[in-house]
>>> print(open('start_36.csv').read())   # CSV, C-alpha atoms and all ligand atoms
chain,number,residue,atom,x,y,z
A,1,MET,CA,17.6,52.7,48.7
A,2,ILE,CA,17.1,54.2,45.2
A,3,PHE,CA,15.7,51.7,42.8
A,4,LEU,CA,16.4,52.4,39.2
A,5,ASP,CA,16.0,49.0,37.7
A,6,ASN,CA,12.2,49.0,37.1
A,7,ALA,CA,12.6,47.3,33.7
A,8,SER,CA,13.8,44.2,35.5
A,9,THR,CA,10.9,44.2,38.0
A,10,THR,CA,8.7,46.4,40.2
A,11,ASN,CA,7.4,46.4,43.7
A,12,VAL,CA,3.8,45.2,44.2
A,13,TYR,CA,1.5,48.1,44.9
A,14,PRO,CA,0.2,47.9,48.5
A,15,GLU,CA,-3.4,47.9,47.3
A,16,VAL,CA,-2.5,45.0,45.0
A,17,ALA,CA,-0.8,43.1,47.9
A,18,ASP,CA,-4.1,43.5,49.9
A,19,VAL,CA,-6.0,42.0,47.0
A,20,ILE,CA,-3.5,39.1,46.9
A,21,TYR,CA,-3.9,38.5,50.6
A,22,ASN,CA,-7.7,38.3,50.3
A,23,TYR,CA,-7.5,35.7,47.5
A,24,MET,CA,-4.9,33.7,49.4
A,25,VAL,CA,-6.5,33.7,52.8
A,26,GLU,CA,-10.1,34.6,52.5
A,27,GLU,CA,-11.5,33.9,49.0
A,28,TYR,CA,-9.2,31.0,48.2
A,29,PHE,CA,-11.8,28.8,46.4
A,30,ASN,CA,-11.2,26.9,43.2
A,31,PRO,CA,-12.8,28.9,40.4
A,32,SER,CA,-13.9,25.7,38.7
A,33,ALA,CA,-16.1,24.5,41.6
A,34,THR,CA,-19.8,25.1,41.2
A,35,TYR,CA,-20.8,26.6,44.6
A,36,LYS,CA,-21.5,30.2,45.0
A,37,PRO,CA,-18.1,31.5,46.4
A,38,SER,CA,-16.4,29.9,43.5
A,39,LEU,CA,-18.7,31.4,41.0
A,40,LYS,CA,-17.7,34.8,42.4
A,41,ILE,CA,-14.0,33.9,41.9
A,42,LYS,CA,-14.7,33.0,38.3
A,43,LYS,CA,-16.4,36.4,37.8
A,44,ASP,CA,-13.4,38.2,39.4
A,45,ILE,CA,-11.1,36.4,37.0
A,46,ASP,CA,-13.3,37.5,34.1
A,47,ALA,CA,-13.3,41.1,35.4
A,48,ALA,CA,-9.5,41.1,35.4
A,49,ARG,CA,-9.5,39.6,31.9
A,50,LYS,CA,-11.7,42.4,30.8
A,51,THR,CA,-9.4,45.0,32.3
A,52,ILE,CA,-6.4,43.6,30.6
A,53,ALA,CA,-8.3,43.3,27.3
A,54,ASP,CA,-9.5,46.9,27.6
A,55,CYS,CA,-5.9,48.1,28.1
A,56,LEU,CA,-5.0,46.3,24.8
A,57,GLY,CA,-8.2,47.3,22.9
A,58,ALA,CA,-9.0,43.6,22.6
A,59,ASP,CA,-12.0,41.4,23.4
A,60,LYS,CA,-11.8,39.7,26.8
A,61,ASN,CA,-12.1,36.3,25.1
A,62,GLU,CA,-8.8,37.0,23.3
A,63,ILE,CA,-6.8,37.1,26.5
A,64,VAL,CA,-5.2,33.9,28.0
A,65,PHE,CA,-3.4,34.1,31.3
A,66,THR,CA,0.0,32.5,31.5
A,67,SER,CA,2.7,32.2,34.2
A,68,CYS,CA,4.9,34.9,32.7
A,69,ALA,CA,5.9,36.6,29.4
A,70,THR,CA,8.6,34.0,28.8
A,71,GLU,CA,5.8,31.4,28.6
A,72,SER,CA,3.6,33.7,26.4
A,73,ASN,CA,6.5,34.3,24.0
A,74,ASN,CA,7.5,30.6,23.9
A,75,TRP,CA,3.9,29.5,23.4
A,76,ALA,CA,3.3,32.1,20.6
A,77,VAL,CA,6.3,31.0,18.6
A,78,ASN,CA,6.3,27.3,19.3
A,79,SER,CA,2.6,26.9,18.5
A,80,ILE,CA,3.1,28.2,14.9
A,81,PHE,CA,6.1,26.0,14.2
A,82,ARG,CA,5.0,22.6,15.5
A,83,ASN,CA,6.1,20.9,12.2
A,84,LEU,CA,9.0,23.3,11.5
A,85,SER,CA,7.5,24.2,8.1
A,86,GLY,CA,7.7,27.8,6.6
A,87,ASN,CA,10.1,30.4,8.0
A,88,LEU,CA,10.2,32.7,11.1
A,89,VAL,CA,11.4,36.2,11.0
A,90,ILE,CA,12.4,37.9,14.3
A,91,SER,CA,14.7,40.9,14.9
A,92,ALA,CA,18.1,41.0,16.4
A,93,GLY,CA,16.6,43.1,19.2
A,94,GLU,CA,14.4,40.5,20.7
A,95,HIS,CA,14.5,39.5,24.4
A,96,ALA,CA,16.2,36.1,25.1
A,97,CYS,CA,12.8,34.3,25.5
A,98,ILE,CA,12.0,35.0,21.8
A,99,TYR,CA,15.6,34.8,20.6
A,100,GLU,CA,16.4,31.5,22.3
A,101,THR,CA,13.1,29.9,21.4
A,102,ALA,CA,13.7,30.8,17.8
A,103,LYS,CA,17.3,29.5,17.9
A,104,ASN,CA,16.1,26.3,19.4
A,105,LEU,CA,13.6,25.8,16.5
A,106,ALA,CA,16.4,26.7,14.1
A,107,ASN,CA,18.6,24.0,15.6
A,108,LYS,CA,15.8,21.5,14.9
A,109,GLY,CA,15.7,22.7,11.3
A,110,LEU,CA,13.4,25.7,11.1
A,111,ASP,CA,14.3,28.4,8.6
A,112,LEU,CA,15.0,31.3,10.9
A,113,ARG,CA,15.7,34.8,9.6
A,114,MET,CA,16.9,37.7,11.6
A,115,ALA,CA,16.1,41.3,10.8
A,116,LYS,CA,18.8,43.9,11.5
A,117,LEU,CA,18.6,46.8,13.9
A,118,THR,CA,19.5,50.4,13.0
A,119,ALA,CA,22.2,52.3,14.9
A,120,LYS,CA,19.4,53.9,16.9
A,121,GLY,CA,18.1,50.5,18.0
A,122,LYS,CA,15.0,50.2,15.9
A,123,VAL,CA,14.2,47.3,13.6
A,124,ASP,CA,15.5,48.0,10.1
A,125,ILE,CA,12.2,47.9,8.1
A,126,GLU,CA,13.9,47.5,4.7
A,127,ASP,CA,15.9,44.5,6.0
A,128,LEU,CA,12.8,43.1,7.7
A,129,LEU,CA,10.9,43.2,4.5
A,130,SER,CA,13.7,41.7,2.5
A,131,LYS,CA,13.5,38.6,4.8
A,132,ILE,CA,9.8,38.0,4.2
A,133,ASP,CA,8.4,35.8,1.4
A,134,LYS,CA,5.4,33.6,0.7
A,135,ASN,CA,6.7,30.9,3.1
A,136,THR,CA,6.9,33.3,6.1
A,137,LYS,CA,4.5,32.1,8.7
A,138,MET,CA,5.3,34.4,11.6
A,139,VAL,CA,7.1,37.7,12.3
A,140,SER,CA,7.8,38.5,15.9
A,141,ILE,CA,9.1,42.0,16.8
A,142,ILE,CA,9.6,43.5,20.2
A,143,HIS,CA,7.5,46.6,20.9
A,144,VAL,CA,9.7,48.5,23.3
A,145,SER,CA,13.3,47.4,23.7
A,146,ASN,CA,14.2,46.1,27.2
A,147,GLU,CA,17.7,47.3,26.6
A,148,THR,CA,17.2,50.8,25.3
A,149,GLY,CA,13.5,51.7,25.7
A,150,VAL,CA,13.4,52.4,21.9
A,151,ILE,CA,9.9,52.0,20.5
A,152,ASN,CA,9.3,50.0,17.3
A,153,ASP,CA,6.4,51.2,15.2
A,154,ILE,CA,4.5,48.0,15.5
A,155,ALA,CA,1.5,49.3,13.5
A,156,GLY,CA,3.7,50.4,10.6
A,157,LEU,CA,5.8,47.2,10.7
A,158,SER,CA,2.7,45.0,10.8
A,159,ALA,CA,1.1,46.9,7.9
A,160,ALA,CA,4.2,46.6,5.8
A,161,VAL,CA,4.7,42.9,6.6
A,162,LYS,CA,1.0,42.0,5.8
A,163,SER,CA,1.1,44.0,2.6
A,164,VAL,CA,3.8,41.6,1.4
A,165,ASN,CA,2.1,38.4,2.7
A,166,PRO,CA,-1.3,38.9,4.5
A,167,LYS,CA,-1.2,35.4,5.9
A,168,ILE,CA,1.7,36.2,8.2
A,169,ILE,CA,1.0,36.0,11.9
A,170,PHE,CA,2.4,39.1,13.5
A,171,HIS,CA,3.4,38.7,17.2
A,172,SER,CA,4.8,41.4,19.4
A,173,ASP,CA,6.5,41.2,22.8
A,174,GLY,CA,4.8,44.0,24.6
A,175,VAL,CA,6.4,43.5,28.0
A,176,GLN,CA,8.2,46.9,28.3
A,177,ALA,CA,5.3,48.7,26.5
A,178,PHE,CA,2.2,47.7,28.3
A,179,GLY,CA,0.7,50.5,30.4
A,180,LYS,CA,3.5,52.8,29.3
A,181,ILE,CA,2.6,53.7,25.8
A,182,SER,CA,-0.4,52.9,23.5
A,183,CYS,CA,-0.7,49.2,23.0
A,184,ASN,CA,-3.9,48.9,21.0
A,185,VAL,CA,-3.5,45.5,19.3
A,186,LYS,CA,-6.5,46.1,17.0
A,187,LYS,CA,-5.1,49.4,15.7
A,188,PHE,CA,-1.7,47.8,15.4
A,189,ASN,CA,-3.2,44.8,13.5
A,190,VAL,CA,-1.1,42.4,15.5
A,191,ASP,CA,-2.3,38.8,16.0
A,192,MET,CA,-0.6,38.0,19.2
A,193,TYR,CA,0.9,40.2,22.0
A,194,SER,CA,2.7,39.2,25.2
A,195,ILE,CA,2.7,41.0,28.6
A,196,SER,CA,4.1,40.4,32.0
A,197,GLY,CA,2.5,41.4,35.3
A,198,HIS,CA,5.7,42.1,37.4
A,199,LYS,CA,6.8,44.9,35.1
A,200,PHE,CA,3.8,47.0,36.3
A,201,HIS,CA,3.5,46.3,40.1
A,202,SER,CA,1.8,43.0,40.2
A,203,PRO,CA,3.6,39.9,41.5
A,204,LYS,CA,6.0,37.8,39.6
A,205,GLY,CA,4.6,34.7,38.0
A,206,ILE,CA,1.7,36.1,36.0
A,207,GLY,CA,1.5,37.1,32.4
A,208,ALA,CA,-0.9,37.0,29.5
A,209,LEU,CA,-1.0,36.4,25.8
A,210,PHE,CA,-3.4,38.2,23.5
A,211,ILE,CA,-4.5,35.8,20.7
A,212,ASP,CA,-6.7,37.4,18.0
A,213,LYS,CA,-9.9,35.4,17.7
A,214,LYS,CA,-9.2,34.5,14.1
A,215,ILE,CA,-6.0,32.6,15.1
A,216,LYS,CA,-6.8,29.0,16.1
A,217,LEU,CA,-4.2,27.5,18.4
A,218,SER,CA,-4.2,24.0,19.7
A,219,PRO,CA,-4.1,23.7,23.5
A,220,TYR,CA,-0.8,24.5,25.2
A,221,LEU,CA,-1.6,22.5,28.3
A,222,ASN,CA,-4.3,19.8,28.3
A,223,GLY,CA,-6.4,19.1,31.3
A,224,GLY,CA,-9.5,20.6,32.9
A,225,GLY,CA,-10.2,23.0,30.1
A,226,GLN,CA,-9.4,26.3,31.9
A,227,GLU,CA,-8.6,29.4,29.8
A,228,SER,CA,-11.0,28.4,27.0
A,229,GLY,CA,-9.3,25.0,26.9
A,230,LEU,CA,-6.1,26.5,25.7
A,231,ARG,CA,-4.1,26.4,28.9
A,232,SER,CA,-5.5,24.0,31.5
A,233,GLY,CA,-4.6,24.1,35.1
A,234,THR,CA,-6.2,25.7,38.1
A,235,GLU,CA,-5.9,29.4,37.6
A,236,ASN,CA,-3.4,31.6,39.5
A,237,VAL,CA,-6.3,33.5,41.0
A,238,CYS,CA,-4.2,35.8,43.1
A,239,GLY,CA,-1.9,36.7,40.2
A,240,ILE,CA,-4.7,37.2,37.7
A,241,VAL,CA,-6.8,39.5,39.9
A,242,ALA,CA,-3.6,41.3,41.1
A,243,MET,CA,-2.6,41.9,37.5
A,244,GLY,CA,-6.0,43.3,36.6
A,245,LYS,CA,-5.9,45.7,39.6
A,246,ALA,CA,-2.3,46.7,39.0
A,247,ALA,CA,-3.0,47.4,35.3
A,248,GLU,CA,-5.8,49.7,36.3
A,249,ILE,CA,-3.7,51.7,38.7
A,250,TYR,CA,-0.6,51.8,36.6
A,251,LYS,CA,-2.4,53.0,33.5
A,252,ARG,CA,-4.0,55.8,35.4
A,253,GLU,CA,-0.7,56.7,37.1
A,254,VAL,CA,1.1,56.9,33.7
A,255,GLU,CA,-1.7,58.8,32.0
A,256,THR,CA,-1.9,61.4,34.8
A,257,SER,CA,1.9,61.8,35.0
A,258,LYS,CA,2.9,61.6,31.3
A,259,SER,CA,4.4,65.0,31.1
A,260,ASP,CA,6.2,64.5,34.4
A,261,ILE,CA,7.6,61.2,33.2
A,262,ASP,CA,8.9,62.9,30.0
A,263,PHE,CA,10.4,65.7,32.2
A,264,LYS,CA,12.2,63.3,34.4
A,265,TYR,CA,13.5,61.3,31.5
A,266,ASN,CA,14.9,64.4,29.8
A,267,LEU,CA,16.4,65.6,33.1
A,268,PHE,CA,18.1,62.3,33.5
A,269,ILE,CA,19.5,62.4,30.0
A,270,ASP,CA,20.7,66.0,30.5
A,271,LEU,CA,22.5,65.2,33.7
A,272,LEU,CA,24.1,62.1,32.4
A,273,SER,CA,25.2,63.9,29.3
A,274,LYS,CA,27.1,66.3,31.5
A,275,ILE,CA,29.3,63.5,32.8
A,276,ASN,CA,32.5,63.4,30.7
A,277,GLY,CA,32.6,60.6,28.2
A,278,CYS,CA,29.0,59.5,28.6
A,279,GLU,CA,27.2,58.2,25.6
A,280,ILE,CA,23.4,57.7,25.5
A,281,ILE,CA,22.6,54.6,23.5
A,282,GLY,CA,19.6,54.4,21.1
A,283,ASP,CA,16.8,56.8,20.0
A,284,THR,CA,15.8,59.1,22.8
A,285,VAL,CA,12.8,60.5,20.9
A,286,ASP,CA,10.9,57.3,20.0
A,287,ASN,CA,11.4,56.0,23.4
A,288,SER,CA,9.2,54.8,26.2
A,289,LYS,CA,11.0,57.4,28.4
A,290,MET,CA,11.3,54.7,31.0
A,291,ILE,CA,14.6,53.1,30.0
A,292,ILE,CA,18.0,54.8,29.5
A,293,ALA,CA,21.1,52.9,28.2
A,294,ALA,CA,24.2,54.9,28.9
A,295,ALA,CA,27.9,54.0,28.4
A,296,PHE,CA,30.8,55.6,30.2
A,297,GLU,CA,34.1,55.6,28.4
A,298,GLY,CA,36.8,53.7,30.2
A,299,CYS,CA,34.5,52.2,32.8
A,300,LYS,CA,33.2,48.6,33.1
A,301,ALA,CA,29.4,48.6,33.7
A,302,GLU,CA,29.7,45.6,36.1
A,303,ILE,CA,32.0,47.6,38.4
A,304,LEU,CA,30.0,50.7,38.2
A,305,GLN,CA,26.8,48.8,39.0
A,306,SER,CA,28.4,47.2,42.0
A,307,MET,CA,29.9,50.6,43.3
A,308,MET,CA,26.5,52.2,42.9
A,309,ALA,CA,24.8,49.3,44.8
A,310,ASP,CA,27.3,49.7,47.6
A,311,ASP,CA,25.9,53.2,48.0
A,312,GLY,CA,22.3,52.0,47.9
A,313,ILE,CA,21.5,52.9,44.3
A,314,LEU,CA,20.4,49.9,42.2
A,315,ILE,CA,20.9,50.3,38.4
A,316,GLY,CA,20.8,47.6,35.7
A,317,ARG,CA,23.2,46.3,33.2
A,318,GLY,CA,21.0,45.3,30.2
A,319,SER,CA,18.3,42.7,30.6
A,320,ALA,CA,18.4,41.3,34.1
A,321,CYS,CA,17.9,37.7,32.8
A,322,SER,CA,21.0,38.1,30.5
A,323,SER,CA,23.2,40.3,32.6
A,324,ARG,CA,25.1,37.3,34.0
A,325,HIS,CA,26.3,36.5,30.4
A,326,ALA,CA,29.2,38.3,28.9
A,327,GLY,CA,28.5,41.0,26.2
A,328,ASN,CA,25.2,42.3,25.0
A,329,ARG,CA,23.7,40.8,21.9
A,330,VAL,CA,21.2,43.6,21.3
A,331,LEU,CA,23.7,46.5,21.7
A,332,SER,CA,26.2,44.7,19.5
A,333,ALA,CA,23.5,44.3,16.8
A,334,MET,CA,23.2,48.1,16.9
A,335,GLY,CA,26.8,48.2,15.7
A,336,ILE,CA,28.1,49.4,19.1
A,337,GLY,CA,31.8,48.5,19.8
A,338,GLN,CA,32.7,46.0,22.5
A,339,ARG,CA,34.3,48.6,24.8
A,340,THR,CA,31.2,50.7,24.8
A,341,VAL,CA,29.0,47.7,25.3
A,342,ASP,CA,31.1,46.7,28.3
A,343,GLY,CA,30.6,50.2,29.7
A,344,THR,CA,26.8,50.3,29.3
A,345,ILE,CA,24.5,50.5,32.2
A,346,ARG,CA,20.7,50.4,32.1
A,347,ILE,CA,18.6,52.8,34.1
A,348,SER,CA,14.9,52.3,34.2
A,349,LEU,CA,12.4,54.6,35.8
A,350,SER,CA,9.0,54.3,37.3
A,351,PRO,CA,6.3,57.0,37.4
A,352,ALA,CA,7.2,57.2,41.1
A,353,THR,CA,10.9,58.0,40.5
A,354,THR,CA,11.6,61.5,42.0
A,355,VAL,CA,13.8,64.4,40.8
A,356,SER,CA,15.8,64.1,44.0
A,357,GLU,CA,16.5,60.4,43.3
A,358,ILE,CA,17.6,61.4,39.7
A,359,THR,CA,20.0,64.1,40.8
A,360,THR,CA,21.4,61.9,43.6
A,361,ALA,CA,22.0,59.0,41.2
A,362,CYS,CA,23.7,61.3,38.6
A,363,ASN,CA,26.0,62.9,41.2
A,364,LYS,CA,26.9,59.4,42.4
A,365,LEU,CA,27.5,58.1,38.9
A,366,SER,CA,29.7,61.1,38.1
A,367,GLU,CA,31.7,60.5,41.3
A,368,LYS,CA,32.1,56.7,40.6
A,369,VAL,CA,33.1,57.3,37.0
A,370,ASN,CA,35.8,59.7,38.0
A,371,LEU,CA,37.0,57.4,40.7
A,372,LEU,CA,37.2,54.5,38.2
A,373,ARG,CA,39.0,56.6,35.7
A,374,GLY,CA,41.4,58.0,38.3
A,375,ASN,CA,42.2,54.5,39.4
A,376,ASN,CA,42.6,53.5,35.8
A,377,ILE,CA,40.2,50.6,36.2
A,378,GLY,CA,38.4,50.1,32.9
A,401,LIG,N1,10.2,40.3,27.2
A,401,LIG,C1,10.8,41.4,27.6
A,401,LIG,C2,11.0,42.6,26.6
A,401,LIG,C3,11.3,41.5,28.9
A,401,LIG,O1,11.8,42.7,29.3
A,401,LIG,C4,11.1,40.4,29.8
A,401,LIG,C5,11.6,40.5,31.2
A,401,LIG,O2,12.6,41.2,31.5
A,401,LIG,C6,10.5,39.3,29.3
A,401,LIG,C7,10.1,39.2,28.0
A,401,LIG,C8,10.3,38.1,30.2
A,401,LIG,O3,9.2,38.4,31.1
A,401,LIG,P1,8.9,37.4,32.3
A,401,LIG,O4,9.9,37.8,33.4
A,401,LIG,O5,7.5,37.6,32.7
A,401,LIG,O6,9.1,36.0,31.8
>>> encode(input="start_36.csv", output="structure tokens", more="lines below")
Ligand code: PLP
Amino acid sequence: MIFLDNASTTNVYPEVADVIYNYMVEEYFNPSATYKPSLKIKKDIDAARKTIADCLGADKNEIVFTSCATESNNWAVNSIFRNLSGNLVISAGEHACIYETAKNLANKGLDLRMAKLTAKGKVDIEDLLSKIDKNTKMVSIIHVSNETGVINDIAGLSAAVKSVNPKIIFHSDGVQAFGKISCNVKKFNVDMYSISGHKFHSPKGIGALFIDKKIKLSPYLNGGGQESGLRSGTENVCGIVAMGKAAEIYKREVETSKSDIDFKYNLFIDLLSKINGCEIIGDTVDNSKMIIAAAFEGCKAEILQSMMADDGILIGRGSACSSRHAGNRVLSAMGIGQRTVDGTIRISLSPATTVSEITTACNKLSEKVNLLRGNNIG
């Protein structure tokens, strides 16, 4: 099997699976208990918190563990608009868990404003700034697009936004950026930043939210006071420690293979571009180099994806969470026509993707595209 849908999820590193086993079967103690083995667990959680904080250039007390990035993103947005006052600005390129949360608040009466995307898939800064005023409480902008891999200049956007209104809370969804590109929240001057463990080889069901120490949120879950009283509930010890370990390995892996990752991304783009009627979607320079959105004229992505899967090659079709719905809101917001949207597949790499997997996938894609066109399916 060739797995080219790493933006949807990743396998757990074997060393991380060993860590999980240990905390499930051997060191399974409740971190809140006061005997010695539990105190050790508390320390291990804290060490993981420090690892995640270091990757973000944050202080460990600014990291709160959650169950996933969907939770982090929902919490970040909902916590600021408990009374629906002020306005919220997001971009048209946000993941469903920001977009739907914002829409839900708008249905209840919140003033929601949507910044446009450029044809290359970035947030249109002029349009973003035109949506901001003295009543804007929060701006939330995705760091790396889960659809195209395109990078938004979060530092630049945050500086521009805060120069208009310094009180604005700037949140960024960093799920597809964490570990792949620089995510220094202090340098970016962002106030909140969300990440998800299963995108970098830890298990599903663990995420985190960076909350700058100057932001005071009321508790999200009340109870025993875990996570500095912000999110009570017995900690997901396995997930937390696993995420810390995976972050360490992944960061090292990406750092040591950066030029290799760039090479493989460029090779993929080159080979895809040779397929007749292939269009690469979005900016390929300011890109994480881990996600490729490519459309094939006259082909339906759904059929292409299923034909590839029949041959053991798993590719995506936009965000996995939204791929069951018709259309693609983000690609449409880039001004891409419906036929092209319908023909767009998403390929997402990992540092472990090999050149041979890339050439095999491109040869197969070429074969399937020709077959589809020959059969006049499209
Ligand atoms: N944000 C982005 C950009 C994503 O790609 C995803 C998952 O695909 C999420 C948020 C949701 O993450 P989780 O699966 O941890 O809820």
>>> closest_atom_pairs(input="start_36.csv", of="chain A", to="ligand LIG 401 (chain A)", cutoff="8 Å", atoms="all atoms listed in the file", output="JSON lines")
{"residue": "A:Ala7", "atom": "CA", "partner": "A:LIG401", "partner_atom": "O1", "distance": 6.4}
{"residue": "A:Ser8", "atom": "CA", "partner": "A:LIG401", "partner_atom": "O2", "distance": 5.1}
{"residue": "A:Thr9", "atom": "CA", "partner": "A:LIG401", "partner_atom": "O2", "distance": 7.4}
{"residue": "A:Ser67", "atom": "CA", "partner": "A:LIG401", "partner_atom": "O5", "distance": 7.4}
{"residue": "A:Cys68", "atom": "CA", "partner": "A:LIG401", "partner_atom": "O5", "distance": 3.7}
{"residue": "A:Ala69", "atom": "CA", "partner": "A:LIG401", "partner_atom": "O5", "distance": 3.8}
{"residue": "A:Thr70", "atom": "CA", "partner": "A:LIG401", "partner_atom": "O6", "distance": 3.6}
{"residue": "A:Glu71", "atom": "CA", "partner": "A:LIG401", "partner_atom": "O6", "distance": 6.5}
{"residue": "A:Asn73", "atom": "CA", "partner": "A:LIG401", "partner_atom": "C7", "distance": 7.3}
{"residue": "A:Glu94", "atom": "CA", "partner": "A:LIG401", "partner_atom": "C2", "distance": 7.1}
{"residue": "A:His95", "atom": "CA", "partner": "A:LIG401", "partner_atom": "C2", "distance": 5.2}
{"residue": "A:Ala96", "atom": "CA", "partner": "A:LIG401", "partner_atom": "C7", "distance": 7.4}
{"residue": "A:Cys97", "atom": "CA", "partner": "A:LIG401", "partner_atom": "C7", "distance": 6.1}
{"residue": "A:Ile98", "atom": "CA", "partner": "A:LIG401", "partner_atom": "C7", "distance": 7.7}
{"residue": "A:Ile142", "atom": "CA", "partner": "A:LIG401", "partner_atom": "C2", "distance": 6.6}
{"residue": "A:His143", "atom": "CA", "partner": "A:LIG401", "partner_atom": "C2", "distance": 7.8}
{"residue": "A:Val144", "atom": "CA", "partner": "A:LIG401", "partner_atom": "C2", "distance": 6.9}
{"residue": "A:Ser145", "atom": "CA", "partner": "A:LIG401", "partner_atom": "C2", "distance": 6.1}
{"residue": "A:Asn146", "atom": "CA", "partner": "A:LIG401", "partner_atom": "O1", "distance": 4.7}
{"residue": "A:Glu147", "atom": "CA", "partner": "A:LIG401", "partner_atom": "O1", "distance": 8.0}
{"residue": "A:Asp173", "atom": "CA", "partner": "A:LIG401", "partner_atom": "N1", "distance": 5.8}
{"residue": "A:Gly174", "atom": "CA", "partner": "A:LIG401", "partner_atom": "C2", "distance": 6.7}
{"residue": "A:Val175", "atom": "CA", "partner": "A:LIG401", "partner_atom": "C2", "distance": 4.9}
{"residue": "A:Gln176", "atom": "CA", "partner": "A:LIG401", "partner_atom": "C2", "distance": 5.4}
{"residue": "A:Ser194", "atom": "CA", "partner": "A:LIG401", "partner_atom": "N1", "distance": 7.8}
{"residue": "A:Ile195", "atom": "CA", "partner": "A:LIG401", "partner_atom": "O5", "distance": 7.2}
{"residue": "A:Ser196", "atom": "CA", "partner": "A:LIG401", "partner_atom": "O5", "distance": 4.5}
{"residue": "A:Gly197", "atom": "CA", "partner": "A:LIG401", "partner_atom": "O5", "distance": 6.8}
{"residue": "A:His198", "atom": "CA", "partner": "A:LIG401", "partner_atom": "O5", "distance": 6.8}
{"residue": "A:Lys199", "atom": "CA", "partner": "A:LIG401", "partner_atom": "C5", "distance": 7.6}
{"residue": "A:Lys204", "atom": "CA", "partner": "A:LIG401", "partner_atom": "O5", "distance": 7.1}
{"residue": "A:Gly205", "atom": "CA", "partner": "A:LIG401", "partner_atom": "O5", "distance": 6.7}
{"residue": "A:Ile206", "atom": "CA", "partner": "A:LIG401", "partner_atom": "O5", "distance": 6.8}
{"residue": "A:Gly207", "atom": "CA", "partner": "A:LIG401", "partner_atom": "O5", "distance": 6.0}
{"residue": "A:Ser319", "atom": "CA", "partner": "A:LIG401", "partner_atom": "O2", "distance": 6.0}
{"residue": "A:Ala320", "atom": "CA", "partner": "A:LIG401", "partner_atom": "O2", "distance": 6.4}
{"residue": "A:Cys321", "atom": "CA", "partner": "A:LIG401", "partner_atom": "O2", "distance": 6.5}
>>> closest_residue(input="start_36.csv", among="A:Ala246, A:Ile315, A:Val89, A:Ile211", to="A:Leu230", atoms="all atoms listed in the file")
A:Ile211
>>> atom_distance(input="start_36.csv", atom1="atom CA of A:Ala115", atom2="atom CA of A:Met334")
11.6 Å
>>> atom_distance(input="start_36.csv", atom1="atom CA of A:Asn266", atom2="atom CA of A:Ile292")
10.1 Å
>>> closest_residue(input="start_36.csv", among="A:Ala177, A:Leu271, A:Val237, A:Ala47", to="A:Leu365", atoms="only C-alpha atoms")
A:Leu271
>>> closest_atom_pairs(input="start_36.csv", of="stretch 294-334 of chain A", to="stretch 370-374 of chain A", cutoff="10 Å", atoms="all atoms listed in the file", output="Markdown table")
| residue | atom | partner | partner_atom | distance |
| --- | --- | --- | --- | --- |
| A:Phe296 | CA | A:Arg373 | CA | 9.9 |
| A:Glu297 | CA | A:Arg373 | CA | 8.8 |
| A:Gly298 | CA | A:Arg373 | CA | 6.6 |
| A:Cys299 | CA | A:Leu372 | CA | 6.5 |
| A:Lys300 | CA | A:Leu372 | CA | 8.8 |
| A:Ile303 | CA | A:Leu372 | CA | 8.6 |
| A:Leu304 | CA | A:Leu372 | CA | 8.1 |
| A:Met307 | CA | A:Leu372 | CA | 9.7 |
>>> atom_distance(input="start_36.csv", atom1="atom CA of A:Val190", atom2="atom CA of A:Met114")
19.0 Å
>>> closest_residue(input="start_36.csv", among="A:Asn104, A:Pro351, A:Phe81, A:Asp310", to="A:Ser259", atoms="only C-alpha atoms")
A:Pro351
>>> residues_around(input="start_36.csv", residues="A:Ser348", least_positions_apart="4", cutoff="9 Å", atoms="all atoms listed in the file", output="JSON, numbers by chain")
{"A": [3, 4, 5, 6, 7, 8, 149, 289, 290, 291, 292, 293, 315, 316]}
>>> closest_residue(input="start_36.csv", among="A:Asp260, A:Glu27, A:Glu253, A:Asp283", to="A:Val241", atoms="all atoms listed in the file")
A:Glu27
>>> closest_residue(input="start_36.csv", among="A:Asp270, A:Val330, A:Thr340, A:Asp124", to="A:Ala301", atoms="all atoms listed in the file")
A:Thr340
>>> residues_near_point(input="start_36.csv", point="(15.3, 46.2, 3.9)", cutoff="12 Å", atoms="all atoms listed in the file", output="number ranges by chain")
A: 114-118, 123-132, 157, 160-161
>>> closest_residue(input="start_36.csv", among="A:Ala102, A:Ile90, A:Cys238, A:Ile80", to="A:Lys137", atoms="all atoms listed in the file")
A:Ile80
>>> residues_around(input="start_36.csv", residues="A:Lys103", least_positions_apart="4", cutoff="8 Å", atoms="all atoms listed in the file", output="VMD selection string")
chain A and resid 99 107 112
